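Peer 1: As input, take structure37.cif (mmCIF, C-alpha atoms):
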data_my_file
#
loop_
_atom_site.label_atom_id
_atom_site.label_comp_id
_atom_site.auth_asym_id
_atom_site.auth_seq_id
_atom_site.Cartn_x
_atom_site.Cartn_y
_atom_site.Cartn_z
CA MET X 1 40.26 19.08 6.13
CA SER X 2 39.72 18.09 9.75
CA ASP X 3 41.12 14.91 11.05
CA VAL X 4 39.12 11.66 10.95
CA PHE X 5 38.72 11.38 14.70
CA ASP X 6 37.19 14.85 14.90
CA VAL X 7 34.76 14.10 12.10
CA VAL X 8 33.58 10.88 13.74
CA ARG X 9 33.30 12.52 17.15
CA LEU X 10 31.25 15.37 15.69
CA SER X 11 29.03 12.97 13.74
CA LEU X 12 28.29 10.94 16.87
CA LEU X 13 27.64 14.11 18.88
CA ILE X 14 25.27 15.53 16.26
CA GLY X 15 23.57 12.19 15.55
CA GLY X 16 23.19 11.44 19.26
CA THR X 17 21.82 14.87 20.10
CA ALA X 18 19.43 14.79 17.16
CA THR X 19 18.14 11.32 18.08
CA LEU X 20 17.72 11.97 21.80
CA GLY X 21 16.18 15.37 21.13
CA SER X 22 13.64 14.10 18.65
CA LEU X 23 12.82 10.93 20.62
CA PRO X 24 10.14 12.46 22.91
CA ILE X 25 8.63 14.46 20.04
CA ALA X 26 8.60 11.43 17.76
CA PHE X 27 7.05 9.27 20.46
CA LEU X 28 4.34 11.81 21.20
CA LEU X 29 3.53 12.19 17.49
CA ALA X 30 3.53 8.41 17.01
CA TRP X 31 1.18 8.01 19.96
CA VAL X 32 -1.19 10.70 18.72
CA LEU X 33 -1.21 9.26 15.20
CA ALA X 34 -1.64 5.68 16.42
CA ARG X 35 -4.26 6.24 19.10
CA TRP X 36 -6.18 9.44 18.58
CA ARG X 37 -8.85 10.29 16.07
CA PHE X 38 -9.27 13.97 15.34
CA PRO X 39 -9.98 16.24 12.41
CA GLY X 40 -6.78 17.22 10.64
CA LYS X 41 -5.02 13.96 11.46
CA VAL X 42 -4.23 13.40 7.79
CA LEU X 43 -2.70 16.86 7.63
CA LEU X 44 -0.52 16.25 10.71
CA ASP X 45 0.52 12.90 9.27
CA GLY X 46 1.46 14.65 6.03
CA ILE X 47 3.46 17.41 7.71
CA VAL X 48 5.40 14.89 9.81
CA HIS X 49 6.28 12.94 6.68
CA LEU X 50 7.19 15.97 4.55
CA PRO X 51 10.96 15.81 5.20
CA LEU X 52 10.88 12.26 3.83
CA VAL X 53 9.54 13.34 0.44
CA VAL X 54 10.63 16.94 -0.25
CA PRO X 55 14.20 17.47 -1.49
CA PRO X 56 16.47 17.77 1.58
CA VAL X 57 17.80 21.03 0.20
CA VAL X 58 14.31 22.51 0.51
CA THR X 59 14.05 21.32 4.11
CA GLY X 60 17.43 22.94 4.78
CA TRP X 61 16.31 26.17 3.18
CA VAL X 62 13.11 26.26 5.25
CA LEU X 63 15.19 25.70 8.39
CA LEU X 64 17.48 28.51 7.31
CA LEU X 65 14.52 30.86 6.92
CA ALA X 66 13.11 29.85 10.30
CA PHE X 67 16.36 29.98 12.28
CA ALA X 68 17.98 33.01 10.62
CA PRO X 69 18.34 36.00 13.00
CA SER X 70 15.38 37.60 11.25
CA GLY X 71 13.39 34.33 11.11
CA PRO X 72 10.57 33.51 13.56
CA ILE X 73 12.51 30.94 15.63
CA GLY X 74 15.95 32.48 15.14
CA ALA X 75 14.77 35.87 16.43
CA LEU X 76 13.33 34.28 19.58
CA LEU X 77 16.49 32.26 20.26
CA GLU X 78 18.60 35.37 19.86
CA ARG X 79 16.40 37.52 22.07
CA TRP X 80 15.81 35.02 24.86
CA LEU X 81 18.99 32.99 24.95
CA GLY X 82 21.39 35.11 22.94
CA VAL X 83 22.34 32.16 20.77
CA THR X 84 22.20 31.26 17.13
CA VAL X 85 22.33 27.79 15.62
CA LEU X 86 23.52 28.96 12.20
CA PHE X 87 26.88 27.42 11.24
CA ARG X 88 26.91 25.65 14.61
CA TRP X 89 26.80 21.95 15.44
CA THR X 90 23.50 22.58 17.21
CA GLY X 91 22.03 23.64 13.86
CA ALA X 92 23.37 20.46 12.28
CA ALA X 93 21.66 18.48 15.05
CA ILE X 94 18.36 20.28 14.34
CA ALA X 95 18.62 19.47 10.62
CA ALA X 96 19.43 15.83 11.39
CA ALA X 97 16.54 15.62 13.87
CA VAL X 98 14.01 17.02 11.39
CA MET X 99 15.17 14.58 8.71
CA ALA X 100 15.13 11.59 11.08
CA LEU X 101 11.76 12.43 12.64
CA PRO X 102 9.48 10.87 9.99
CA LEU X 103 11.37 7.59 10.04
CA MET X 104 11.21 7.44 13.81
CA VAL X 105 7.52 8.35 13.94
CA ARG X 106 6.68 5.68 11.35
CA ALA X 107 8.50 2.90 13.17
CA MET X 108 7.16 3.90 16.58
CA ARG X 109 3.62 4.27 15.31
CA LEU X 110 3.67 0.75 13.88
CA SER X 111 4.93 -0.68 17.15
CA ILE X 112 2.29 1.19 19.18
CA GLU X 113 -0.46 0.11 16.80
CA ALA X 114 0.73 -3.48 17.08
CA VAL X 115 0.02 -3.57 20.82
CA ASP X 116 -3.28 -5.35 21.47
CA ARG X 117 -5.50 -2.78 23.15
CA ARG X 118 -7.47 -5.55 24.78
CA LEU X 119 -4.43 -6.14 27.00
CA GLU X 120 -4.78 -2.56 28.25
CA GLN X 121 -8.44 -3.28 28.98
CA ALA X 122 -7.42 -6.39 30.91
CA ALA X 123 -5.00 -4.27 32.95
CA ARG X 124 -7.74 -1.75 33.72
CA THR X 125 -10.16 -4.43 34.93
CA LEU X 126 -7.38 -5.51 37.30
CA GLY X 127 -7.46 -2.03 38.86
CA ALA X 128 -4.77 -0.25 36.84
CA SER X 129 -5.37 3.39 35.98
CA ARG X 130 -5.15 4.38 32.34
CA TRP X 131 -1.59 5.63 32.92
CA ARG X 132 -0.45 2.55 34.76
CA ALA X 133 -1.85 0.42 31.94
CA TYR X 134 0.12 2.47 29.41
CA ALA X 135 3.31 2.37 31.45
CA THR X 136 3.22 -1.31 32.37
CA VAL X 137 1.58 -2.88 29.33
CA THR X 138 1.60 -0.71 26.21
CA LEU X 139 5.01 0.87 26.64
CA PRO X 140 6.99 -2.31 27.42
CA LEU X 141 5.28 -4.12 24.53
CA ALA X 142 6.04 -1.26 22.14
CA ALA X 143 9.56 -0.77 23.53
CA PRO X 144 11.48 -2.99 21.09
CA GLY X 145 9.91 -1.11 18.18
CA VAL X 146 10.64 2.22 19.83
CA LEU X 147 14.28 1.23 20.35
CA ALA X 148 14.51 0.08 16.75
CA ALA X 149 13.13 3.45 15.70
CA VAL X 150 15.77 5.21 17.77
CA VAL X 151 18.54 3.20 16.13
CA LEU X 152 17.12 3.92 12.66
CA GLY X 153 16.81 7.59 13.51
CA PHE X 154 20.41 7.66 14.67
CA ALA X 155 21.61 6.02 11.45
CA ARG X 156 19.60 8.52 9.42
CA SER X 157 20.99 11.41 11.48
CA ILE X 158 24.65 10.59 10.97
CA GLY X 159 23.99 10.14 7.25
CA GLU X 160 22.26 13.52 6.86
CA PHE X 161 23.71 15.69 4.09
CA GLY X 162 21.42 17.89 2.02
CA ALA X 163 19.47 19.75 4.68
CA THR X 164 22.57 20.12 6.85
CA VAL X 165 24.80 21.60 4.16
CA THR X 166 22.06 24.03 3.12
CA PHE X 167 21.19 25.06 6.65
CA VAL X 168 24.52 25.24 8.50
CA SER X 169 27.04 24.87 5.68
CA ASN X 170 30.15 22.71 5.76
CA VAL X 171 32.34 24.05 8.58
CA PRO X 172 35.21 21.73 9.59
CA GLY X 173 35.16 21.01 13.31
CA GLU X 174 31.68 22.50 13.75
CA THR X 175 29.17 21.16 11.21
CA GLN X 176 31.34 18.85 9.13
CA THR X 177 29.92 15.39 9.80
CA LEU X 178 30.94 12.22 7.95
CA PRO X 179 28.96 12.79 4.72
CA LEU X 180 30.02 16.44 4.58
CA ALA X 181 33.68 15.54 5.17
CA ILE X 182 33.46 12.92 2.40
CA TYR X 183 32.02 15.53 0.06
CA ALA X 184 34.77 17.98 0.99
CA ALA X 185 37.47 15.33 0.49
CA LEU X 186 36.02 14.49 -2.93
CA GLN X 187 36.45 18.11 -3.98
CA GLN X 188 40.15 18.05 -3.16
CA PRO X 189 42.87 16.63 -5.38
CA GLY X 190 44.48 13.64 -3.63
CA GLY X 191 41.60 13.26 -1.17
CA GLU X 192 40.78 9.68 -2.25
CA ASP X 193 42.43 8.00 0.72
CA GLN X 194 40.45 10.18 3.11
CA VAL X 195 37.26 9.39 1.19
CA TRP X 196 37.92 5.65 1.50
CA ARG X 197 38.54 5.92 5.23
CA LEU X 198 35.48 8.05 5.93
CA ALA X 199 33.24 6.01 3.65
CA ALA X 200 34.31 2.79 5.36
CA ILE X 201 33.50 4.29 8.77
CA SER X 202 30.11 5.55 7.49
CA VAL X 203 29.18 2.17 6.09
CA SER X 204 30.19 0.34 9.28
CA LEU X 205 28.23 2.73 11.49
CA SER X 206 25.09 2.51 9.35
CA LEU X 207 25.33 -1.24 8.93
CA GLY X 208 25.83 -1.68 12.65
CA ALA X 209 22.76 0.45 13.34
CA LEU X 210 20.63 -1.48 10.84
CA VAL X 211 21.68 -4.86 12.23
CA ALA X 212 20.94 -3.65 15.75
CA SER X 213 17.55 -2.33 14.70
CA GLU X 214 16.68 -5.57 12.89
CA ALA X 215 17.68 -7.63 15.93
CA LEU X 216 15.43 -5.51 18.15
CA VAL X 217 12.46 -5.88 15.83
CA ARG X 218 12.96 -9.64 15.67
CA ARG X 219 12.97 -9.86 19.44
CA ALA X 220 9.76 -7.85 19.47
CA GLY X 221 8.22 -10.25 16.96
CA ARG X 222 8.82 -13.15 19.29
CA GLY X 223 6.87 -11.44 22.02
CA THR X 224 9.81 -11.21 24.38
CA HIS X 225 10.81 -7.94 25.91
CA VAL X 226 13.92 -5.86 25.81
CA LEU X 227 13.51 -3.58 28.82
CA MET R 1 -29.62 -8.71 44.83
CA SER R 2 -26.09 -9.49 43.67
CA PHE R 3 -26.54 -8.41 40.11
CA ASP R 4 -29.17 -5.90 39.14
CA VAL R 5 -28.66 -5.32 35.45
CA ASP R 6 -30.81 -3.52 32.92
CA LEU R 7 -28.81 -2.53 29.88
CA THR R 8 -29.20 -1.53 26.29
CA GLY R 9 -26.16 -0.83 24.17
CA ARG R 10 -24.37 -1.21 20.86
CA GLY R 11 -27.01 0.86 19.14
CA GLY R 12 -29.85 -1.13 20.70
CA ARG R 13 -28.56 -4.45 19.39
CA VAL R 14 -27.64 -5.74 22.83
CA SER R 15 -30.00 -5.60 25.73
CA ALA R 16 -30.61 -7.60 28.87
CA ARG R 17 -32.50 -7.24 32.10
CA PHE R 18 -32.15 -9.44 35.12
CA ALA R 19 -31.76 -9.28 38.88
CA VAL R 20 -30.29 -12.28 40.66
CA ALA R 21 -29.05 -13.37 44.08
CA ASP R 22 -25.57 -14.64 45.03
CA GLY R 23 -23.87 -17.61 43.47
CA VAL R 24 -23.07 -18.44 39.88
CA THR R 25 -25.55 -17.11 37.37
CA VAL R 26 -25.19 -18.54 33.90
CA LEU R 27 -26.15 -16.34 30.99
CA PHE R 28 -27.07 -18.80 28.31
CA ALA R 29 -27.52 -17.69 24.76
CA PRO R 30 -26.64 -18.71 21.25
CA SER R 31 -23.46 -17.37 19.67
CA GLY R 32 -23.76 -13.84 18.41
CA ALA R 33 -26.37 -12.76 20.95
CA GLY R 34 -24.04 -10.12 22.37
CA LYS R 35 -23.04 -11.96 25.52
CA THR R 36 -19.49 -10.64 25.45
CA SER R 37 -20.80 -7.12 24.81
CA LEU R 38 -22.97 -7.48 27.88
CA LEU R 39 -20.01 -8.47 30.06
CA ASP R 40 -17.96 -5.62 28.53
CA MET R 41 -20.70 -3.17 29.50
CA ILE R 42 -20.82 -4.50 33.06
CA ALA R 43 -17.02 -4.25 33.33
CA GLY R 44 -17.04 -0.74 31.86
CA LEU R 45 -15.13 -1.54 28.65
CA VAL R 46 -18.14 -0.53 26.57
CA THR R 47 -20.52 2.25 27.56
CA PRO R 48 -24.20 1.30 27.28
CA GLU R 49 -26.76 3.70 25.92
CA ARG R 50 -29.43 3.14 28.54
CA GLY R 51 -30.01 1.41 31.81
CA HIS R 52 -28.10 0.62 34.97
CA VAL R 53 -25.71 -1.87 36.52
CA ARG R 54 -25.70 -2.46 40.24
CA VAL R 55 -23.58 -5.18 41.80
CA ALA R 56 -23.93 -6.09 45.47
CA GLY R 57 -25.71 -2.79 46.09
CA ARG R 58 -23.02 -0.67 44.41
CA THR R 59 -24.01 1.36 41.36
CA LEU R 60 -21.42 0.96 38.60
CA PHE R 61 -23.45 2.58 35.88
CA ASP R 62 -26.67 4.50 35.76
CA ALA R 63 -27.47 6.41 32.60
CA SER R 64 -30.32 8.40 34.14
CA ARG R 65 -28.17 9.56 37.07
CA GLY R 66 -25.04 10.09 35.00
CA VAL R 67 -23.04 7.47 36.93
CA ASN R 68 -20.33 5.71 34.95
CA LEU R 69 -17.49 4.38 37.10
CA PRO R 70 -14.15 4.01 35.31
CA ILE R 71 -13.10 0.43 34.58
CA GLU R 72 -10.47 0.30 37.31
CA HIS R 73 -12.95 1.32 40.02
CA ARG R 74 -15.56 -1.32 39.19
CA ARG R 75 -13.68 -4.14 40.94
CA ALA R 76 -14.70 -6.68 38.34
CA GLY R 77 -12.75 -9.91 38.09
CA TYR R 78 -13.09 -10.34 34.36
CA VAL R 79 -11.81 -13.60 32.86
CA PHE R 80 -11.79 -13.03 29.13
CA GLN R 81 -12.51 -15.73 26.63
CA ASP R 82 -8.98 -15.35 25.26
CA ALA R 83 -7.23 -15.15 28.67
CA ARG R 84 -5.38 -11.95 27.69
CA LEU R 85 -2.29 -12.67 29.75
CA PHE R 86 0.42 -10.04 29.45
CA PRO R 87 2.93 -11.62 27.05
CA HIS R 88 5.89 -9.67 28.45
CA LYS R 89 5.36 -10.79 32.02
CA ARG R 90 5.94 -14.22 33.49
CA VAL R 91 3.03 -16.09 35.07
CA ARG R 92 3.98 -14.86 38.55
CA ALA R 93 3.94 -11.19 37.44
CA ASN R 94 0.68 -11.75 35.58
CA LEU R 95 -0.92 -13.20 38.69
CA LEU R 96 0.29 -10.32 40.85
CA TYR R 97 -0.57 -7.53 38.40
CA GLY R 98 -3.74 -6.46 40.23
CA ALA R 99 -2.73 -7.70 43.69
CA LYS R 100 -1.79 -5.45 46.59
CA ASN R 101 0.92 -7.88 47.74
CA ASP R 102 2.01 -11.47 47.18
CA ARG R 103 0.61 -12.89 50.41
CA GLN R 104 -2.11 -14.86 48.71
CA LEU R 105 -0.07 -15.98 45.74
CA ALA R 106 0.90 -19.33 47.27
CA ASP R 107 -2.69 -20.16 48.23
CA MET R 108 -3.97 -19.22 44.80
CA ALA R 109 -1.22 -21.23 43.09
CA ARG R 110 -2.20 -24.24 45.16
CA LEU R 111 -5.94 -23.81 44.54
CA LEU R 112 -5.53 -23.54 40.78
CA ASP R 113 -2.51 -25.85 40.47
CA LEU R 114 -0.21 -23.14 39.13
CA LYS R 115 2.88 -23.68 41.30
CA HIS R 116 4.97 -25.25 38.54
CA LEU R 117 3.96 -22.52 36.08
CA LEU R 118 5.00 -19.44 38.03
CA ASP R 119 8.26 -18.80 36.18
CA ARG R 120 6.93 -19.63 32.72
CA TRP R 121 6.13 -17.15 29.94
CA PRO R 122 2.47 -17.01 28.85
CA ARG R 123 3.30 -18.10 25.29
CA THR R 124 4.56 -21.45 26.63
CA LEU R 125 1.25 -22.26 28.36
CA SER R 126 -1.48 -24.53 27.06
CA GLY R 127 -4.99 -23.10 26.65
CA GLY R 128 -6.16 -24.63 29.93
CA GLU R 129 -3.13 -23.42 31.84
CA ALA R 130 -3.53 -19.89 30.46
CA LYS R 131 -7.17 -19.89 31.51
CA ARG R 132 -6.30 -20.97 35.04
CA VAL R 133 -3.70 -18.20 35.25
CA ALA R 134 -6.29 -15.70 34.01
CA ILE R 135 -8.74 -16.86 36.69
CA GLY R 136 -6.03 -16.62 39.36
CA ARG R 137 -5.00 -13.16 38.17
CA ALA R 138 -8.60 -11.93 38.34
CA LEU R 139 -9.12 -13.38 41.83
CA LEU R 140 -5.87 -11.94 43.23
CA SER R 141 -7.04 -8.44 42.29
CA LYS R 142 -9.66 -8.88 45.04
CA PRO R 143 -12.72 -8.29 42.88
CA ASP R 144 -16.22 -7.79 44.21
CA PHE R 145 -17.61 -10.08 41.52
CA LEU R 146 -16.52 -12.35 38.69
CA LEU R 147 -17.31 -12.21 35.00
CA LEU R 148 -16.40 -15.41 33.14
CA ASP R 149 -16.68 -15.29 29.37
CA GLU R 150 -16.98 -18.75 27.83
CA PRO R 151 -14.42 -20.15 30.28
CA LEU R 152 -14.39 -23.59 28.69
CA SER R 153 -14.52 -22.75 25.02
CA SER R 154 -11.52 -23.47 22.81
CA LEU R 155 -10.34 -26.16 25.23
CA ASP R 156 -10.12 -29.87 24.41
CA ALA R 157 -12.00 -32.40 26.54
CA ALA R 158 -9.21 -32.93 29.09
CA ARG R 159 -8.60 -29.21 29.47
CA ARG R 160 -12.31 -28.55 29.80
CA HIS R 161 -12.42 -30.91 32.72
CA ASP R 162 -9.41 -29.11 34.16
CA ALA R 163 -10.93 -25.64 33.80
CA MET R 164 -14.34 -26.78 35.00
CA ARG R 165 -12.71 -28.16 38.15
CA ALA R 166 -10.90 -24.83 38.66
CA ILE R 167 -14.12 -22.88 38.35
CA THR R 168 -15.94 -25.18 40.75
CA LEU R 169 -13.10 -24.81 43.26
CA VAL R 170 -13.18 -21.05 42.92
CA ARG R 171 -16.94 -20.99 43.29
CA ASP R 172 -16.77 -22.97 46.51
CA ALA R 173 -13.69 -21.18 47.88
CA THR R 174 -14.66 -17.56 47.23
CA ALA R 175 -18.44 -17.43 47.01
CA LEU R 176 -18.12 -14.32 44.82
CA PRO R 177 -21.18 -13.31 42.86
CA THR R 178 -20.42 -14.60 39.38
CA LEU R 179 -21.81 -14.12 35.91
CA LEU R 180 -20.80 -16.87 33.54
CA VAL R 181 -21.52 -16.63 29.88
CA THR R 182 -21.76 -19.71 27.69
CA HIS R 183 -23.46 -21.17 24.67
CA ASP R 184 -22.90 -24.73 25.89
CA ARG R 185 -25.87 -26.25 27.68
CA GLU R 186 -23.87 -28.87 29.57
CA GLU R 187 -21.51 -26.22 30.87
CA ALA R 188 -24.45 -24.07 31.90
CA GLU R 189 -26.05 -26.89 33.85
CA ARG R 190 -22.85 -28.10 35.50
CA LEU R 191 -21.59 -24.72 36.70
CA GLY R 192 -24.62 -22.56 37.34
CA ASP R 193 -26.77 -22.10 40.42
CA ARG R 194 -29.32 -20.65 38.00
CA ILE R 195 -29.58 -20.10 34.30
CA ILE R 196 -30.84 -17.04 32.50
CA LEU R 197 -31.74 -17.30 28.86
CA LEU R 198 -30.87 -14.32 26.76
CA ASN R 199 -32.61 -13.73 23.49
CA GLY R 200 -30.48 -13.20 20.43
#
What is this file in structure tokens?

Peer 2:
Amino acid sequence: MSDVFDVVRLSLLIGGTATLGSLPIAFLLAWVLARWRFPGKVLLDGIVHLPLVVPPVVTGWVLLLAFAPSGPIGALLERWLGVTVLFRWTGAAIAAAVMALPLMVRAMRLSIEAVDRRLEQAARTLGASRWRAYATVTLPLAAPGVLAAVVLGFARSIGEFGATVTFVSNVPGETQTLPLAIYAALQQPGGEDQVWRLAAISVSLSLGALVASEALVRRAGRGTHVL
Amino acid sequence: MSFDVDLTGRGGRVSARFAVADGVTVLFAPSGAGKTSLLDMIAGLVTPERGHVRVAGRTLFDASRGVNLPIEHRRAGYVFQDARLFPHKRVRANLLYGAKNDRQLADMARLLDLKHLLDRWPRTLSGGEAKRVAIGRALLSKPDFLLLDEPLSSLDAARRHDAMRAITLVRDATALPTLLVTHDREEAERLGDRIILLNG
């Protein structure tokens, strides 16, 4: 059993990487779903939300198939970069990112949809290009919601269990994040103290993230800005 | 001709044709006659189906020649009925949004009596104050013409007086070709150099 500090450090590393890595993808998807109309939108919406509704163990298995050395993505990674994510913390970050993505997309989409498009029009009549209007009006107004989504995504990432354990297993010091370490401690006789410690840290981290996210959303609701 | 407009849009439900000289032209019509749609088409927010828009000799839209300038190149000073100030920017930043620099900010603030409002957030403004800021913001973007959509509606009597004074000042100070839309006859007569009746 690895020591508590290691577990927390690894959890923060994996959660942070997963959140930052999925942020641009989530934002792009949220934008497309909020603003564009195209055939197949329902399908894209469904695919993005899949990890939220299928059993995490299935998501982990699909990732395993895709990233295995013989899998479509795994083969490319191995050939081009000579790396594998199996049983590595990078794999755990990918699992966490996939599981957090739907939550982030949902929250971001709502905040983008909530921006009054007539304000963008006003910006354009004042001479702003489409991009300047997005950057100076839409983005700052959606920013509190986007930040809240990031915090939620981070909380979801550090809590990830099922997909992670299926995809990259439970390797102390490499893929053993807080929930996996708690599970491992539970399997061991006399591991109760460790479980208490790790569980307390998990709860504080998640609660802290939720409170932060709530505070951001409230600020957004008052029409003030965060950035 | 300042405004040479011949437009049909919104599936044929909105159409208007007029050509007028400089000054303030009031478009007078009952509610629901598509006045706002007409201004939106002139500003480029809505694409008409047929016709043309020429302002001060510049073609902004011409369906037959395939001309359709993007909104930001039309140089319209559009004052919306609902002000549409940016809620995340203070009054000063709202005023300067479309301006090249802040050289004319002080003059504009004096003209429209906005000096004491510059550091306020839009949500703390009264309806009349917000409207004056919206007018100032449009003017500071150096437009070629002004579009005023029901500038006095949703204001109480005192604020109406306030806004009417601001518009008169602007009219006299800038002499920009202006289209003003209203359904209020008194407003039309007080502010307009000429009145055009639109059919619903």

Peer 1: Could you list the residues chosen by the PyMOL selection byres ((chain R) within 7 of (chain X)) in this structure as a list in words?

Peer 2: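 On the file shown, the PyMOL selection byres ((chain R) within 7 of (chain X)) covers Leu45, Ile71, Glu72, His73, Arg75, Ala76, Gly77, Tyr78, Arg84, Phe86, Pro87, His88, Gly98, Ala138 and Ser141 of chain R.
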
Peer 1: At a cut-off of 10 Å, using only C-alpha atoms, what residues contact stretch 9-13 of chain R? Leave out same-chain residues fewer than 6 positions from it and give the result as a PDB file with C-alpha atoms, in the frame of the given file.

Peer 2:
ATOM      1  CA  ALA R  33     -26.370 -12.760  20.950  1.00  0.00           C
ATOM      2  CA  GLY R  34     -24.040 -10.120  22.370  1.00  0.00           C
ATOM      3  CA  SER R  37     -20.800  -7.120  24.810  1.00  0.00           C
ATOM      4  CA  LEU R  38     -22.970  -7.480  27.880  1.00  0.00           C
ATOM      5  CA  MET R  41     -20.700  -3.170  29.500  1.00  0.00           C
ATOM      6  CA  VAL R  46     -18.140  -0.530  26.570  1.00  0.00           C
ATOM      7  CA  THR R  47     -20.520   2.250  27.560  1.00  0.00           C
ATOM      8  CA  PRO R  48     -24.200   1.300  27.280  1.00  0.00           C
ATOM      9  CA  GLU R  49     -26.760   3.700  25.920  1.00  0.00           C
ATOM     10  CA  ARG R  50     -29.430   3.140  28.540  1.00  0.00           C
ATOM     11  CA  GLY R  51     -30.010   1.410  31.810  1.00  0.00           C
ATOM     12  CA  GLY R 200     -30.480 -13.200  20.430  1.00  0.00           C
TER      13      GLY R 200
END

Peer 1: Quick one: residues within 12 Å of R:Ile167, all atoms listed in the file, excluding same-chain residues fewer than 5 positions away - as a ChimeraX atom specification?

Peer 2: /R:24,79,111-112,128,131-136,139,146-148,150-152,160-162,172-176,178-180,187,190-192

Peer 1: Name the residues that the PyMOL selection byres ((chain X and resi 89-91) around 10) picks from the file above, as a PyMOL selection string, using the file's chain letters and numbers.

Peer 2: chain X and resi 10-11+13-14+17-18+63-64+67+84-88+92-97+164+167-169+171+173-177

Peer 1: Quick one: residues within 10 Å of X:Ala30, all atoms listed in the file counted, chain neighbours fewer than 2 positions away excluded, as an mmCIF file with C-alpha atoms, in the frame of the given file?

Peer 2:
data_model
loop_
_atom_site.group_PDB
_atom_site.id
_atom_site.type_symbol
_atom_site.label_atom_id
_atom_site.label_comp_id
_atom_site.auth_asym_id
_atom_site.auth_seq_id
_atom_site.Cartn_x
_atom_site.Cartn_y
_atom_site.Cartn_z
ATOM 1 C CA PRO X 24 10.140 12.460 22.910
ATOM 2 C CA ILE X 25 8.630 14.460 20.040
ATOM 3 C CA ALA X 26 8.600 11.430 17.760
ATOM 4 C CA PHE X 27 7.050 9.270 20.460
ATOM 5 C CA LEU X 28 4.340 11.810 21.200
ATOM 6 C CA VAL X 32 -1.190 10.700 18.720
ATOM 7 C CA LEU X 33 -1.210 9.260 15.200
ATOM 8 C CA ALA X 34 -1.640 5.680 16.420
ATOM 9 C CA ARG X 35 -4.260 6.240 19.100
ATOM 10 C CA TRP X 36 -6.180 9.440 18.580
ATOM 11 C CA ASP X 45 0.520 12.900 9.270
ATOM 12 C CA VAL X 48 5.400 14.890 9.810
ATOM 13 C CA PRO X 102 9.480 10.870 9.990
ATOM 14 C CA MET X 104 11.210 7.440 13.810
ATOM 15 C CA VAL X 105 7.520 8.350 13.940
ATOM 16 C CA ARG X 106 6.680 5.680 11.350
ATOM 17 C CA ALA X 107 8.500 2.900 13.170
ATOM 18 C CA MET X 108 7.160 3.900 16.580
ATOM 19 C CA ARG X 109 3.620 4.270 15.310
ATOM 20 C CA LEU X 110 3.670 0.750 13.880
ATOM 21 C CA SER X 111 4.930 -0.680 17.150
ATOM 22 C CA ILE X 112 2.290 1.190 19.180
ATOM 23 C CA GLU X 113 -0.460 0.110 16.800
ATOM 24 C CA VAL X 146 10.640 2.220 19.830
#

Peer 1: What's the separation between atom CA of X:Val58 and atom CA of X:Ala163, in Å to one decimal place?

Peer 2: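 Atom-to-atom, atom CA of X:Val58 to atom CA of X:Ala163, that is 7.2 Å.
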
Peer 1: Which residues are near X:Arg156? Cut-off 6 Å, all atoms listed in the file, ignore same chain within fewer than 3 positions. Put them as a PyMOL selection string.

Peer 2: chain X and resi 100+153+159

Peer 1: Apply the PyMOL selection byres ((chain R and resi 60) around 12) to the displayed file and report the matching residues as an NGL selection string.

Peer 2: :R and (3-7 or 41-44 or 47-48 or 51-59 or 61-63 or 65-76 or 144)

Peer 1: Quick check, in Å to one decimal: how far apart do atom CA of X:Val4 and atom CA of X:Pro172 lie?

Peer 2: 10.9 Å

Peer 1: Anything within 10 Å of (35.2, 13.0, 0.1): list those residues as a PDB file with C-alpha atoms, in the coordinates of the input, counting only C-alpha atoms and sticking to the file's coordinates.

Peer 2:
ATOM      1  CA  MET X   1      40.260  19.080   6.130  1.00  0.00           C
ATOM      2  CA  LEU X 178      30.940  12.220   7.950  1.00  0.00           C
ATOM      3  CA  PRO X 179      28.960  12.790   4.720  1.00  0.00           C
ATOM      4  CA  LEU X 180      30.020  16.440   4.580  1.00  0.00           C
ATOM      5  CA  ALA X 181      33.680  15.540   5.170  1.00  0.00           C
ATOM      6  CA  ILE X 182      33.460  12.920   2.400  1.00  0.00           C
ATOM      7  CA  TYR X 183      32.020  15.530   0.060  1.00  0.00           C
ATOM      8  CA  ALA X 184      34.770  17.980   0.990  1.00  0.00           C
ATOM      9  CA  ALA X 185      37.470  15.330   0.490  1.00  0.00           C
ATOM     10  CA  LEU X 186      36.020  14.490  -2.930  1.00  0.00           C
ATOM     11  CA  GLN X 187      36.450  18.110  -3.980  1.00  0.00           C
ATOM     12  CA  GLN X 188      40.150  18.050  -3.160  1.00  0.00           C
ATOM     13  CA  GLY X 191      41.600  13.260  -1.170  1.00  0.00           C
ATOM     14  CA  GLU X 192      40.780   9.680  -2.250  1.00  0.00           C
ATOM     15  CA  ASP X 193      42.430   8.000   0.720  1.00  0.00           C
ATOM     16  CA  GLN X 194      40.450  10.180   3.110  1.00  0.00           C
ATOM     17  CA  VAL X 195      37.260   9.390   1.190  1.00  0.00           C
ATOM     18  CA  TRP X 196      37.920   5.650   1.500  1.00  0.00           C
ATOM     19  CA  ARG X 197      38.540   5.920   5.230  1.00  0.00           C
ATOM     20  CA  LEU X 198      35.480   8.050   5.930  1.00  0.00           C
ATOM     21  CA  ALA X 199      33.240   6.010   3.650  1.00  0.00           C
TER      22      ALA X 199
END

Peer 1: Calculate how many Å separate atom CA of R:Met1 from atom CA of R:Pro177, rounding to one decimal.

Peer 2: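 Computing the Euclidean distance for atom CA of R:Met1 and atom CA of R:Pro177 yields 9.8 Å.
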
Peer 1: If we count all atoms listed in the file and set the cut-off at 8 Å, which residues sit around R:Leu198, ignoring sequence neighbours fewer than 5 positions away in its own chain? Please answer as a CSV table (one decimal) with C-alpha atoms, in the coordinates of the input.

Peer 2:
chain,number,residue,atom,x,y,z
R,16,ALA,CA,-30.6,-7.6,28.9
R,27,LEU,CA,-26.2,-16.3,31.0
R,28,PHE,CA,-27.1,-18.8,28.3
R,29,ALA,CA,-27.5,-17.7,24.8
R,33,ALA,CA,-26.4,-12.8,21.0
